[in-house]
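Right, one structure below, let's go through it.
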Amino acid sequence: MSEYEPKLVCFSCKFSWGYLTDEDTLSSKIDNWVPIICTGKIDATHMLDAFKQGADGILILGCPEGDCHYQDGNYEAKKRVYLIRKLLESLGIEKERIRIELSIDPEGKRIPKLAEEMRKELAKLGPAKRSPVTEKRQKETVKARGGK
């Protein structure tokens, strides 16, 4: 049996995380990395869709508090994360599956480290709980691609 490898989606703000590094270089180090213009642009549906598509966790990296390029995008992201955590808990899914870090890392050196730390935390939690509809879709997708 193969060892469980959690799927993590990482959203990071282009104005505070990795802006001095080439995006291709960072994306080669981080699976499912999504650089965005502002964490405030991450809608709740983006987070829920990530889980529907098979993510076991989400890491959001935004500007430091009080220092958002778009004034309050990081505060908006924090509010959404809080609400999504409450929703996940009501569904029996651990709130630790979503993490938000408001800081700055111009060279992007901490992004792979934070992603790896989160993957380790997710590995301890195990696979995210899926709804029967989501599990059925995933099985159909694998089957359509020629898998078992």
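Ligands are numbered from 1 in the order shown, residues from 1 within each chain, and chains are lettered A, B, ... in the order they appear in the structure tokens.
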
Inset, instruction - Pull the helix (DSSP H, G or I) assignments for stretch 46-98 of chain A out of DSSP run on the backbone, and list those residues as a PyMOL selection string. - result: chain A and resi 46-52+73-90+95-97

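The residue set within 6 Å of A:Pro106, counting only C-alpha atoms and dropping same-chain residues fewer than 2 places from it, reads Ser16, Trp17, Gly18, Tyr19, Leu20 and Gly108 of chain A.
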
Using the selection just defined, write its residues with C-alpha atoms as a PDB file, in the first residue's frame.
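Written out: out.pdb:
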```pdb
ATOM      1  CA  SER A  16       4.187  40.094  -0.203  1.00  0.00           C
ATOM      2  CA  TRP A  17       5.223  36.522  -1.062  1.00  0.00           C
ATOM      3  CA  GLY A  18       7.857  35.669  -3.652  1.00  0.00           C
ATOM      4  CA  TYR A  19       7.716  38.824  -5.744  1.00  0.00           C
ATOM      5  CA  LEU A  20      11.499  38.891  -6.132  1.00  0.00           C
ATOM      6  CA  GLY A 108       9.642  33.229  -1.498  1.00  0.00           C
TER       7      GLY A 108
END
```

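We find atom CA of A:Lys129 and atom CA of A:Tyr75 to be spaced 28.0 Å apart.
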
Legend entry - Contact residues around stretch 42-57 of chain A with only C-alpha atoms at 7 Å, ignoring same-chain residues under 4 positions, as a ChimeraX atom specification: /A:6-9,77,80,84,97-98,122,127-128,134

Residues as selected, C-alpha atoms, written as a PDB file, in the first residue's frame, can you do that?
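What ended up in again_36.pdb:
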```pdb
ATOM      1  CA  PRO A   6      -1.905  14.947   1.271  1.00  0.00           C
ATOM      2  CA  LYS A   7      -2.933  17.352  -1.457  1.00  0.00           C
ATOM      3  CA  LEU A   8      -2.392  20.965  -0.449  1.00  0.00           C
ATOM      4  CA  VAL A   9      -3.502  24.067  -2.352  1.00  0.00           C
ATOM      5  CA  ALA A  77      -9.343  36.790   3.714  1.00  0.00           C
ATOM      6  CA  ARG A  80     -13.522  34.201   5.050  1.00  0.00           C
ATOM      7  CA  ILE A  84     -15.071  28.491   6.152  1.00  0.00           C
ATOM      8  CA  ARG A  97      -7.218  22.050   7.169  1.00  0.00           C
ATOM      9  CA  ILE A  98      -7.188  25.776   6.375  1.00  0.00           C
ATOM     10  CA  LEU A 122      -2.358  17.179   7.070  1.00  0.00           C
ATOM     11  CA  PRO A 127      -7.406  12.351   4.129  1.00  0.00           C
ATOM     12  CA  ALA A 128     -10.116  14.998   4.298  1.00  0.00           C
ATOM     13  CA  THR A 134     -17.518  14.124  -4.264  1.00  0.00           C
TER      14      THR A 134
END
```

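Assigned to strand (DSSP E or B) in chain A, given DSSP computed from backbone atoms, are Leu8, Val9, Cys10, Phe11, Ser12, Cys13, Trp17, Trp33, Val34, Pro35, Ile36, Gly57, Ile58, Leu59, Ile60, Leu61, Gly62, Cys68, Gln71, Ile98, Arg99, Ile100, Glu101, Leu102 and Asp105 of chain A.
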
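Distances from A:Glu89, A:Glu116, A:Glu121, A:Glu96 to A:Cys10 were compared using only C-alpha atoms, and the smallest one belongs to A:Glu116.
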